[in-house]
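Pasting start-v9.csv here (CSV, C-alpha atoms and all ligand atoms):
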chain,number,residue,atom,x,y,z
A,1,MET,CA,-18.8,-49.8,94.8
A,2,ALA,CA,-21.3,-47.2,96.0
A,3,ALA,CA,-22.2,-45.7,92.7
A,4,LYS,CA,-25.2,-46.9,90.6
A,5,VAL,CA,-23.9,-47.5,87.1
A,6,ILE,CA,-26.3,-46.8,84.3
A,7,SER,CA,-25.5,-47.3,80.6
A,8,VAL,CA,-27.5,-45.4,78.0
A,9,ALA,CA,-27.7,-47.6,74.9
A,10,ASN,CA,-29.4,-48.2,71.6
A,11,GLN,CA,-27.5,-49.4,68.5
A,12,LYS,CA,-29.7,-47.1,66.4
A,13,GLY,CA,-28.0,-43.8,65.7
A,14,GLY,CA,-29.4,-40.4,66.6
A,15,VAL,CA,-32.1,-41.5,69.0
A,16,GLY,CA,-31.0,-39.3,71.8
A,17,LYS,CA,-28.5,-41.3,73.8
A,18,THR,CA,-26.1,-38.4,74.2
A,19,ALA,CA,-28.8,-35.8,74.9
A,20,THR,CA,-30.2,-38.1,77.5
A,21,THR,CA,-26.8,-38.8,79.2
A,22,THR,CA,-25.9,-35.1,79.2
A,23,ASN,CA,-29.1,-33.7,80.5
A,24,LEU,CA,-29.9,-36.5,82.9
A,25,GLY,CA,-26.4,-36.1,84.3
A,26,ILE,CA,-26.9,-32.4,84.8
A,27,CYS,CA,-30.3,-32.9,86.4
A,28,LEU,CA,-29.0,-35.6,88.8
A,29,PHE,CA,-26.2,-33.2,89.8
A,30,GLN,CA,-28.6,-30.4,90.3
A,31,LEU,CA,-30.7,-32.6,92.6
A,32,GLY,CA,-27.6,-33.0,94.8
A,33,ASN,CA,-25.8,-36.1,93.5
A,34,ARG,CA,-22.2,-36.8,92.7
A,35,VAL,CA,-22.3,-37.9,89.1
A,36,LEU,CA,-19.7,-39.2,86.7
A,37,VAL,CA,-20.5,-39.3,83.0
A,38,VAL,CA,-18.3,-41.5,80.7
A,39,ASP,CA,-18.1,-40.9,76.9
A,40,MET,CA,-17.7,-44.3,75.3
A,41,ASP,CA,-18.4,-43.0,71.8
A,42,PRO,CA,-15.4,-42.1,69.6
A,43,GLN,CA,-17.6,-39.4,68.0
A,44,GLY,CA,-17.2,-37.5,71.2
A,45,ASN,CA,-20.6,-35.7,71.3
A,46,LEU,CA,-20.9,-36.0,75.0
A,47,THR,CA,-17.4,-34.7,75.5
A,48,LEU,CA,-18.2,-31.7,73.3
A,49,SER,CA,-21.5,-31.1,75.0
A,50,LEU,CA,-20.0,-30.8,78.4
A,51,ALA,CA,-16.4,-29.6,77.9
A,52,SER,CA,-15.4,-26.6,76.0
A,53,SER,CA,-12.4,-28.5,74.4
A,54,ASP,CA,-12.1,-31.9,72.9
A,55,GLY,CA,-8.3,-31.9,72.8
A,56,PHE,CA,-7.8,-34.0,75.9
A,57,GLU,CA,-4.4,-35.5,76.4
A,58,GLN,CA,-5.7,-38.5,78.3
A,59,THR,CA,-9.0,-40.1,77.4
A,60,VAL,CA,-11.0,-43.2,78.2
A,61,ALA,CA,-9.1,-45.0,75.4
A,62,ASP,CA,-5.9,-44.8,77.4
A,63,SER,CA,-7.5,-46.4,80.4
A,64,LEU,CA,-9.1,-49.2,78.4
A,65,LEU,CA,-5.9,-50.2,76.7
A,66,ASP,CA,-3.6,-49.8,79.8
A,67,HIS,CA,-5.3,-51.0,83.0
A,68,LYS,CA,-2.6,-49.2,85.1
A,69,SER,CA,-3.6,-45.8,83.5
A,70,ALA,CA,-6.2,-44.2,85.8
A,71,LEU,CA,-9.5,-42.9,84.3
A,72,PRO,CA,-9.0,-39.3,83.3
A,73,ARG,CA,-11.7,-37.1,84.9
A,74,VAL,CA,-12.6,-33.5,84.2
A,75,GLU,CA,-14.8,-31.4,86.5
A,76,VAL,CA,-17.8,-30.0,84.7
A,77,PHE,CA,-19.8,-28.6,87.6
A,78,SER,CA,-19.5,-28.7,91.4
A,79,ASP,CA,-21.2,-27.1,94.4
A,80,GLU,CA,-21.6,-27.9,98.1
A,81,ASN,CA,-24.1,-30.7,97.4
A,82,GLY,CA,-22.7,-32.6,94.5
A,83,ARG,CA,-20.7,-32.6,91.3
A,84,LEU,CA,-20.6,-33.6,87.7
A,85,ASP,CA,-17.4,-35.0,86.3
A,86,LEU,CA,-16.7,-36.2,82.8
A,87,VAL,CA,-14.4,-39.0,81.4
A,88,PRO,CA,-13.6,-37.6,78.0
A,89,THR,CA,-13.1,-39.5,74.8
A,90,SER,CA,-11.5,-38.8,71.4
A,91,LEU,CA,-11.4,-40.4,68.0
A,92,ALA,CA,-8.5,-42.6,69.3
A,93,LEU,CA,-11.2,-44.7,70.9
A,94,ALA,CA,-12.2,-46.1,67.5
A,95,SER,CA,-8.7,-47.6,67.0
A,96,ALA,CA,-8.6,-48.6,70.7
A,97,GLU,CA,-11.7,-50.7,70.1
A,98,ALA,CA,-9.8,-52.7,67.5
A,99,ALA,CA,-6.7,-53.0,69.6
A,100,LEU,CA,-8.8,-54.2,72.6
A,101,MET,CA,-9.8,-57.3,70.6
A,102,ASN,CA,-6.3,-58.8,71.3
A,103,LYS,CA,-6.3,-57.9,75.0
A,104,LEU,CA,-7.1,-60.1,78.0
A,105,GLY,CA,-10.3,-59.3,79.8
A,106,ARG,CA,-11.4,-57.1,76.9
A,107,GLU,CA,-15.1,-57.0,78.0
A,108,PHE,CA,-14.2,-56.1,81.6
A,109,ARG,CA,-11.8,-53.2,81.1
A,110,LEU,CA,-14.3,-50.4,81.8
A,111,ARG,CA,-15.9,-52.2,84.7
A,112,ASP,CA,-12.6,-52.7,86.4
A,113,GLN,CA,-11.6,-49.0,85.9
A,114,LEU,CA,-14.9,-47.7,87.3
A,115,ALA,CA,-14.5,-50.0,90.3
A,116,LYS,CA,-11.5,-47.8,91.4
A,117,VAL,CA,-13.5,-44.6,91.4
A,118,GLY,CA,-17.1,-45.7,92.0
A,119,ASP,CA,-17.0,-44.9,95.7
A,120,GLU,CA,-16.6,-41.2,94.9
A,121,TYR,CA,-20.0,-41.1,93.1
A,122,ASP,CA,-23.7,-41.7,93.5
A,123,PHE,CA,-24.3,-42.3,89.8
A,124,VAL,CA,-22.1,-43.2,86.8
A,125,LEU,CA,-23.8,-42.6,83.4
A,126,ILE,CA,-22.2,-44.2,80.3
A,127,ASP,CA,-22.9,-42.9,76.8
A,128,THR,CA,-22.4,-45.5,74.1
A,129,PRO,CA,-21.9,-45.5,70.4
A,130,PRO,CA,-24.6,-46.6,67.9
A,131,SER,CA,-23.3,-50.1,67.5
A,132,LEU,CA,-23.2,-53.3,69.5
A,133,GLY,CA,-19.5,-53.7,69.4
A,134,LEU,CA,-16.9,-54.0,72.1
A,135,LEU,CA,-17.3,-50.5,73.4
A,136,THR,CA,-21.0,-50.9,74.0
A,137,ILE,CA,-20.3,-54.4,75.5
A,138,ASN,CA,-17.8,-52.8,77.9
A,139,ALA,CA,-20.5,-50.3,78.9
A,140,LEU,CA,-23.2,-53.0,79.4
A,141,VAL,CA,-20.8,-55.2,81.4
A,142,ALA,CA,-19.8,-52.3,83.7
A,143,ALA,CA,-23.5,-51.3,84.4
A,144,GLN,CA,-26.1,-52.6,86.7
A,145,MET,CA,-28.8,-50.9,84.7
A,146,VAL,CA,-29.5,-49.7,81.2
A,147,ILE,CA,-31.7,-46.9,79.9
A,148,ILE,CA,-32.8,-47.3,76.3
A,149,PRO,CA,-33.7,-44.0,74.6
A,150,THR,CA,-35.8,-44.5,71.5
A,151,GLU,CA,-37.8,-42.7,68.9
A,152,ALA,CA,-41.5,-43.5,68.6
A,153,ARG,CA,-41.2,-44.9,65.1
A,154,PHE,CA,-42.2,-48.3,63.7
A,155,PHE,CA,-38.6,-48.9,62.6
A,156,SER,CA,-37.4,-48.3,66.1
A,157,LEU,CA,-39.3,-51.3,67.4
A,158,GLN,CA,-37.2,-53.8,65.5
A,159,GLY,CA,-34.1,-52.1,67.0
A,160,LEU,CA,-35.4,-52.6,70.5
A,161,GLN,CA,-35.8,-56.4,69.8
A,162,MET,CA,-32.2,-56.5,68.6
A,163,LEU,CA,-31.0,-54.7,71.7
A,164,GLN,CA,-33.0,-56.9,74.0
A,165,GLY,CA,-31.2,-59.9,72.3
A,166,SER,CA,-27.8,-58.3,73.0
A,167,ILE,CA,-28.7,-57.6,76.6
A,168,ASP,CA,-29.7,-61.3,77.0
A,169,GLU,CA,-26.2,-62.2,75.7
A,170,ILE,CA,-24.6,-59.8,78.2
A,171,LEU,CA,-26.4,-61.5,81.1
A,172,TYR,CA,-24.1,-64.4,80.5
A,173,ILE,CA,-21.2,-62.4,82.1
A,174,ASN,CA,-23.2,-59.7,83.9
A,175,PRO,CA,-26.3,-61.5,85.3
A,176,HIS,CA,-27.5,-58.6,87.3
A,177,LEU,CA,-28.0,-56.2,84.4
A,178,LYS,CA,-31.5,-54.9,84.1
A,179,VAL,CA,-33.4,-52.5,81.9
A,180,LEU,CA,-34.2,-49.5,84.1
A,181,GLY,CA,-36.5,-48.1,81.5
A,182,ILE,CA,-37.2,-47.3,77.8
A,183,LEU,CA,-37.4,-43.6,77.2
A,184,LEU,CA,-39.3,-41.8,74.5
A,185,SER,CA,-36.5,-39.4,74.0
A,186,LYS,CA,-37.6,-37.4,70.9
A,187,TYR,CA,-41.4,-37.7,71.1
A,188,ASP,CA,-43.6,-35.7,68.8
A,189,ARG,CA,-47.1,-36.4,70.1
A,190,ARG,CA,-48.7,-34.5,67.2
A,191,LEU,CA,-47.7,-37.2,64.7
A,192,GLY,CA,-50.1,-40.1,64.4
A,193,GLU,CA,-47.4,-42.7,63.9
A,194,GLU,CA,-45.6,-41.6,67.1
A,195,LYS,CA,-48.8,-41.7,69.2
A,196,THR,CA,-49.5,-45.2,67.9
A,197,VAL,CA,-46.0,-46.5,68.5
A,198,ALA,CA,-45.8,-44.9,72.0
A,199,GLN,CA,-49.1,-46.7,72.8
A,200,TYR,CA,-47.8,-49.9,71.4
A,201,LEU,CA,-44.7,-49.6,73.6
A,202,ARG,CA,-46.7,-49.0,76.7
A,203,ASP,CA,-49.0,-51.9,75.9
A,204,ASN,CA,-46.2,-54.3,75.3
A,205,TRP,CA,-43.4,-53.2,77.6
A,206,GLY,CA,-45.7,-51.9,80.4
A,207,ASP,CA,-43.9,-50.2,83.3
A,208,LEU,CA,-40.6,-50.6,81.6
A,209,VAL,CA,-41.4,-47.5,79.6
A,210,PHE,CA,-40.6,-44.4,81.6
A,211,GLU,CA,-43.7,-42.3,82.4
A,212,THR,CA,-41.7,-39.3,81.5
A,213,SER,CA,-41.2,-38.7,77.8
A,214,VAL,CA,-39.0,-36.0,76.3
A,215,GLY,CA,-40.7,-34.0,73.5
A,216,THR,CA,-38.9,-32.8,70.4
A,217,ASN,CA,-37.5,-29.4,71.4
A,218,SER,CA,-35.2,-27.2,69.4
A,219,LYS,CA,-33.5,-26.1,72.7
A,220,ILE,CA,-32.1,-29.6,73.2
A,221,LEU,CA,-30.4,-29.5,69.7
A,222,GLU,CA,-29.2,-25.9,70.4
A,223,ALA,CA,-27.6,-27.0,73.7
A,224,ALA,CA,-25.8,-29.9,72.1
A,225,SER,CA,-24.5,-27.9,69.2
A,226,THR,CA,-23.3,-24.8,71.2
A,227,GLY,CA,-22.1,-26.7,74.2
A,228,ILE,CA,-24.1,-24.3,76.4
A,229,PRO,CA,-25.9,-26.4,79.1
A,230,LEU,CA,-29.6,-26.7,78.4
A,231,THR,CA,-30.3,-25.3,81.9
A,232,GLN,CA,-28.6,-22.1,81.0
A,233,LEU,CA,-30.4,-21.5,77.7
A,234,ARG,CA,-33.3,-19.0,77.6
A,235,GLY,CA,-36.6,-20.6,76.8
A,236,SER,CA,-35.5,-24.1,77.6
A,237,GLN,CA,-37.8,-24.5,80.7
A,238,ARG,CA,-40.0,-27.1,79.1
A,239,ALA,CA,-37.1,-29.3,78.1
A,240,VAL,CA,-35.4,-28.9,81.4
A,241,ASP,CA,-38.6,-29.9,83.2
A,242,ALA,CA,-38.8,-33.1,81.2
A,243,TYR,CA,-35.2,-34.2,82.0
A,244,ARG,CA,-35.8,-33.2,85.7
A,245,ASP,CA,-38.9,-35.4,85.8
A,246,LEU,CA,-36.8,-38.2,84.2
A,247,ALA,CA,-34.1,-37.7,86.9
A,248,ARG,CA,-36.7,-38.0,89.6
A,249,GLU,CA,-38.0,-41.2,88.0
A,250,VAL,CA,-34.5,-42.6,87.8
A,251,LEU,CA,-33.9,-41.8,91.5
A,252,GLU,CA,-37.1,-43.7,92.3
A,253,ARG,CA,-36.4,-46.7,90.2
A,254,ALA,CA,-32.6,-47.1,90.6
B,1,LIG,N1,-35.9,-34.3,72.4
B,1,LIG,C1,-35.1,-33.8,71.4
B,1,LIG,N2,-35.6,-32.7,70.6
B,1,LIG,C2,-34.9,-32.2,69.6
B,1,LIG,N3,-33.7,-32.6,69.3
B,1,LIG,C3,-33.1,-33.6,70.0
B,1,LIG,C4,-33.8,-34.3,71.1
B,1,LIG,N4,-33.0,-35.2,71.6
B,1,LIG,C5,-31.9,-35.2,70.8
B,1,LIG,N5,-32.0,-34.3,69.9
B,1,LIG,C6,-31.0,-34.0,68.8
B,1,LIG,O1,-31.0,-35.0,67.9
B,1,LIG,C7,-29.7,-35.3,67.5
B,1,LIG,C8,-29.4,-36.8,67.9
B,1,LIG,O2,-29.4,-36.9,69.3
B,1,LIG,P1,-28.2,-37.5,70.1
B,1,LIG,O3,-26.9,-37.1,69.6
B,1,LIG,O4,-28.5,-37.4,71.5
B,1,LIG,O5,-28.5,-39.0,69.7
B,1,LIG,P2,-27.5,-40.3,69.8
B,1,LIG,O6,-28.4,-41.5,70.0
B,1,LIG,O7,-26.5,-40.0,70.9
B,1,LIG,O8,-26.8,-40.3,68.4
B,1,LIG,P3,-25.5,-41.2,68.0
B,1,LIG,O9,-26.1,-42.6,67.8
B,1,LIG,O10,-25.0,-40.6,66.8
B,1,LIG,O11,-24.6,-41.2,69.2
B,1,LIG,C9,-28.8,-34.3,68.1
B,1,LIG,O12,-28.5,-33.3,67.3
B,1,LIG,C10,-29.6,-33.9,69.4
B,1,LIG,O13,-29.2,-32.6,69.8
B,2,MG,MG,-24.4,-40.1,70.8
Starting from the file, lay out its structure as structure tokens.
Amino acid sequence: MAAKVISVANQKGGVGKTATTTNLGICLFQLGNRVLVVDMDPQGNLTLSLASSDGFEQTVADSLLDHKSALPRVEVFSDENGRLDLVPTSLALASAEAALMNKLGREFRLRDQLAKVGDEYDFVLIDTPPSLGLLTINALVAAQMVIIPTEARFFSLQGLQMLQGSIDEILYINPHLKVLGILLSKYDRRLGEEKTVAQYLRDNWGDLVFETSVGTNSKILEAASTGIPLTQLRGSQRAVDAYRDLAREVLERA
């Protein structure tokens, strides 16, 4: 498969997984790549951020439960250089996760579906739910790399240890999985605690922390809640620049 597959994961909720997937996907597309983003979270925030509707007849849930059912793909953007497609989700994915428990090859279902379309893309980005259940496991088994968005808070550090533990478990069935980088995804450098934790992360995880950090920025929230791409919002330049820097760093590292 030609595509580089990157999962965006952290079992902690609200740390910027979906904002990172959305905006990194858009920036990689704008830099001339063919990008597929996959919404593996039944909450469907990625689907709502990128598609005007969330009432899709076919979603990722169908393809996980029935291996003969092709991944549904919706075009978000395209131009002569690249494109951005979305595999949408719906709440049905929550019950699909339970049903998957009784299926053969339950950890490999997403990987095997992506193998069928991977040659059409340069990058596949997978957004995951805030848990370490079977949906996140499918995403980590399907990926070669994982990006870990995190807040710069003391409580987040414990979560990172937990996630590292899960990644170590995944290595049993996906030995090539590597952490592409830890991203400070909602970084407020004016707060003392955040500066201290950011420094701690850089001291302890070294180069694994992306040089780029994404500052807290109301435009990111506005883009997510209106469904208007960040790049099309007035006054969003600083936030767009941050994600573009991240995209360049991902291109370098991946
Ligand atoms: N850098 C930022 N500045 C301001 N708001 C942000 C930033 N990044 C994300 N947000 C907002 O914070 C909220 C949580 O972010 P997001 O949905 O990306 O997190 P998540 O990790 O995907 O959450 P969940 O675990 O629920 O899936 C959202 O409302 C989002 O728009
Ligand atoms: Mg999310």
For this session: Excluding A:Asn138 and residues on its chain fewer than 6 positions from it, collect all residues at most 8 Å away from it, counting all atoms listed in the file, and give them as a list of chain:residue names.
Result: A:Arg106, A:Glu107, A:Phe108, A:Arg109, A:Leu110, A:Arg111
For this session: For stretch 69-75 of chain A, list every protein, DNA or RNA residue within 9 Å, evaluated using all atoms listed in the file, and leave out those in the same chain fewer than 3 positions away; present the list as an MDAnalysis selection string.
Result: chainID A and resid 36 38 51 58:60 62:66 78 83:88 113:114 116:117
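Across A:Gly159, A:Leu180, A:Asp41, A:Phe77, the tightest approach to A:Cys27 is made by A:Phe77 when counting all atoms listed in the file.
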For this session: Select the residues contacting ligand LIG 1 (chain B) at a distance of at most 9 Å, based on all atoms listed in the file, then format the selection as a VMD selection string.
Result: chain A and resid 8 to 22 41 43 to 46 127 to 131 149 to 150 184 to 188 213 to 225 239
Exercise. Near A:Arg202, counting only C-alpha atoms, which residues have an atom at most 12 Å away, once you skip same-chain residues fewer than 6 positions from it, shown as a PyMOL selection string?
Worked result: chain A and resi 152+181-184+195-196+208-213
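Excluding A:Val250 itself and same-chain residues fewer than 4 positions from it, the residues having an atom within 10 Å of it are A:Ile6, A:Leu24, A:Leu28, A:Ile147, A:Leu180, A:Gly181, A:Phe210, A:Arg244, A:Asp245, A:Leu246, A:Ala254, counting all atoms listed in the file.
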Problem set entry | Neighbour list for A:Val124 as a PyMOL selection string, cut-off 9 Å, only C-alpha atoms, skip fewer than 6 positions in-chain | chain A and resi 3-7+25+34-38+114+118+143
Next, the residues of the selection above should be written as a compact mmCIF listing (two decimals), in the coordinates of the input with C-alpha atoms.
# COMPACT_ATOMS: atom_id res chain seq x y z
CA ALA A 3 -22.20 -45.70 92.70
CA LYS A 4 -25.20 -46.90 90.60
CA VAL A 5 -23.90 -47.50 87.10
CA ILE A 6 -26.30 -46.80 84.30
CA SER A 7 -25.50 -47.30 80.60
CA GLY A 25 -26.40 -36.10 84.30
CA ARG A 34 -22.20 -36.80 92.70
CA VAL A 35 -22.30 -37.90 89.10
CA LEU A 36 -19.70 -39.20 86.70
CA VAL A 37 -20.50 -39.30 83.00
CA VAL A 38 -18.30 -41.50 80.70
CA LEU A 114 -14.90 -47.70 87.30
CA GLY A 118 -17.10 -45.70 92.00
CA ALA A 143 -23.50 -51.30 84.40
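You can rank A:Ile126, A:Ala61, A:Glu169, A:Pro229 by their closest distance to A:Ile148 using only C-alpha atoms, and at the top of that list sits A:Ile126.
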For this session: Could you tell me which of A:Tyr200, A:Tyr172, A:Tyr243, A:Phe56 comes closest to A:Ile137 if we count all atoms listed in the file?
Result: A:Tyr172
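Restricting the calculation to all atoms listed in the file, the smallest distance between ligand MG 2 (chain B) and any of A:Gly55, A:Gly227, A:Pro42, A:Gly192 is found for A:Pro42.
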Take stretch 48-59 of chain A, bring it up to all heavy atoms, and give me the output as an mmCIF file, in the frame of the given file.
data_model
loop_
_atom_site.group_PDB
_atom_site.id
_atom_site.type_symbol
_atom_site.label_atom_id
_atom_site.label_comp_id
_atom_site.auth_asym_id
_atom_site.auth_seq_id
_atom_site.Cartn_x
_atom_site.Cartn_y
_atom_site.Cartn_z
ATOM 1 N N LEU A 48 -17.987 -33.063 73.824
ATOM 2 C CA LEU A 48 -18.200 -31.700 73.300
ATOM 3 C C LEU A 48 -19.313 -30.967 73.959
ATOM 4 O O LEU A 48 -19.273 -29.743 74.107
ATOM 5 C CB LEU A 48 -18.359 -31.745 71.788
ATOM 6 C CG LEU A 48 -17.085 -31.576 70.967
ATOM 7 C CD1 LEU A 48 -17.392 -31.676 69.483
ATOM 8 C CD2 LEU A 48 -16.403 -30.233 71.269
ATOM 9 N N SER A 49 -20.356 -31.715 74.339
ATOM 10 C CA SER A 49 -21.500 -31.100 75.000
ATOM 11 C C SER A 49 -21.149 -30.533 76.361
ATOM 12 O O SER A 49 -21.724 -29.554 76.811
ATOM 13 C CB SER A 49 -22.664 -32.057 75.172
ATOM 14 O OG SER A 49 -23.126 -32.518 73.945
ATOM 15 N N LEU A 50 -20.221 -31.195 77.044
ATOM 16 C CA LEU A 50 -20.000 -30.800 78.400
ATOM 17 C C LEU A 50 -18.641 -30.143 78.684
ATOM 18 O O LEU A 50 -18.457 -29.504 79.718
ATOM 19 C CB LEU A 50 -20.044 -32.103 79.320
ATOM 20 C CG LEU A 50 -21.456 -32.663 79.530
ATOM 21 C CD1 LEU A 50 -21.412 -33.988 80.267
ATOM 22 C CD2 LEU A 50 -22.324 -31.664 80.299
ATOM 23 N N ALA A 51 -17.710 -30.272 77.752
ATOM 24 C CA ALA A 51 -16.400 -29.600 77.900
ATOM 25 C C ALA A 51 -16.184 -28.678 76.772
ATOM 26 O O ALA A 51 -16.601 -28.963 75.659
ATOM 27 C CB ALA A 51 -15.312 -30.669 78.007
ATOM 28 N N SER A 52 -15.535 -27.573 77.028
ATOM 29 C CA SER A 52 -15.400 -26.600 76.000
ATOM 30 C C SER A 52 -14.332 -27.065 74.948
ATOM 31 O O SER A 52 -14.310 -26.612 73.814
ATOM 32 C CB SER A 52 -15.001 -25.238 76.542
ATOM 33 O OG SER A 52 -14.060 -25.423 77.571
ATOM 34 N N SER A 53 -13.488 -27.995 75.353
ATOM 35 C CA SER A 53 -12.400 -28.500 74.400
ATOM 36 C C SER A 53 -12.632 -29.952 74.167
ATOM 37 O O SER A 53 -13.259 -30.663 74.937
ATOM 38 C CB SER A 53 -11.077 -28.224 75.094
ATOM 39 O OG SER A 53 -10.259 -29.368 74.979
ATOM 40 N N ASP A 54 -12.097 -30.429 73.053
ATOM 41 C CA ASP A 54 -12.100 -31.900 72.900
ATOM 42 C C ASP A 54 -10.687 -32.386 72.649
ATOM 43 O O ASP A 54 -10.473 -33.501 72.229
ATOM 44 C CB ASP A 54 -13.027 -32.281 71.692
ATOM 45 C CG ASP A 54 -12.551 -31.711 70.373
ATOM 46 O OD1 ASP A 54 -11.655 -30.847 70.399
ATOM 47 O OD2 ASP A 54 -13.072 -32.137 69.331
ATOM 48 N N GLY A 55 -9.710 -31.540 72.975
ATOM 49 C CA GLY A 55 -8.300 -31.900 72.800
ATOM 50 C C GLY A 55 -7.697 -32.464 74.069
ATOM 51 O O GLY A 55 -6.663 -31.962 74.500
ATOM 52 N N PHE A 56 -8.294 -33.465 74.677
ATOM 53 C CA PHE A 56 -7.800 -34.000 75.900
ATOM 54 C C PHE A 56 -6.566 -34.880 75.704
ATOM 55 O O PHE A 56 -6.584 -35.712 74.807
ATOM 56 C CB PHE A 56 -8.843 -34.700 76.719
ATOM 57 C CG PHE A 56 -9.922 -33.783 77.214
ATOM 58 C CD1 PHE A 56 -11.101 -33.649 76.510
ATOM 59 C CD2 PHE A 56 -9.731 -33.031 78.365
ATOM 60 C CE1 PHE A 56 -12.089 -32.781 76.957
ATOM 61 C CE2 PHE A 56 -10.713 -32.170 78.815
ATOM 62 C CZ PHE A 56 -11.893 -32.041 78.102
ATOM 63 N N GLU A 57 -5.552 -34.721 76.539
ATOM 64 C CA GLU A 57 -4.400 -35.500 76.400
ATOM 65 C C GLU A 57 -4.626 -36.975 76.772
ATOM 66 O O GLU A 57 -4.195 -37.905 76.110
ATOM 67 C CB GLU A 57 -3.237 -34.959 77.247
ATOM 68 C CG GLU A 57 -1.910 -34.921 76.530
ATOM 69 C CD GLU A 57 -0.972 -33.934 77.200
ATOM 70 O OE1 GLU A 57 -0.370 -34.336 78.213
ATOM 71 O OE2 GLU A 57 -0.882 -32.779 76.715
ATOM 72 N N GLN A 58 -5.362 -37.139 77.870
ATOM 73 C CA GLN A 58 -5.700 -38.500 78.300
ATOM 74 C C GLN A 58 -7.225 -38.660 78.116
ATOM 75 O O GLN A 58 -8.019 -37.789 78.478
ATOM 76 C CB GLN A 58 -5.441 -38.601 79.838
ATOM 77 C CG GLN A 58 -3.958 -38.558 80.180
ATOM 78 C CD GLN A 58 -3.269 -39.882 79.876
ATOM 79 O OE1 GLN A 58 -3.793 -40.938 80.176
ATOM 80 N NE2 GLN A 58 -2.103 -39.809 79.256
ATOM 81 N N THR A 59 -7.595 -39.783 77.564
ATOM 82 C CA THR A 59 -9.000 -40.100 77.400
ATOM 83 C C THR A 59 -9.318 -41.478 77.854
ATOM 84 O O THR A 59 -8.408 -42.226 78.243
ATOM 85 C CB THR A 59 -9.444 -39.946 75.898
ATOM 86 O OG1 THR A 59 -8.889 -41.051 75.181
ATOM 87 C CG2 THR A 59 -8.995 -38.628 75.289
#
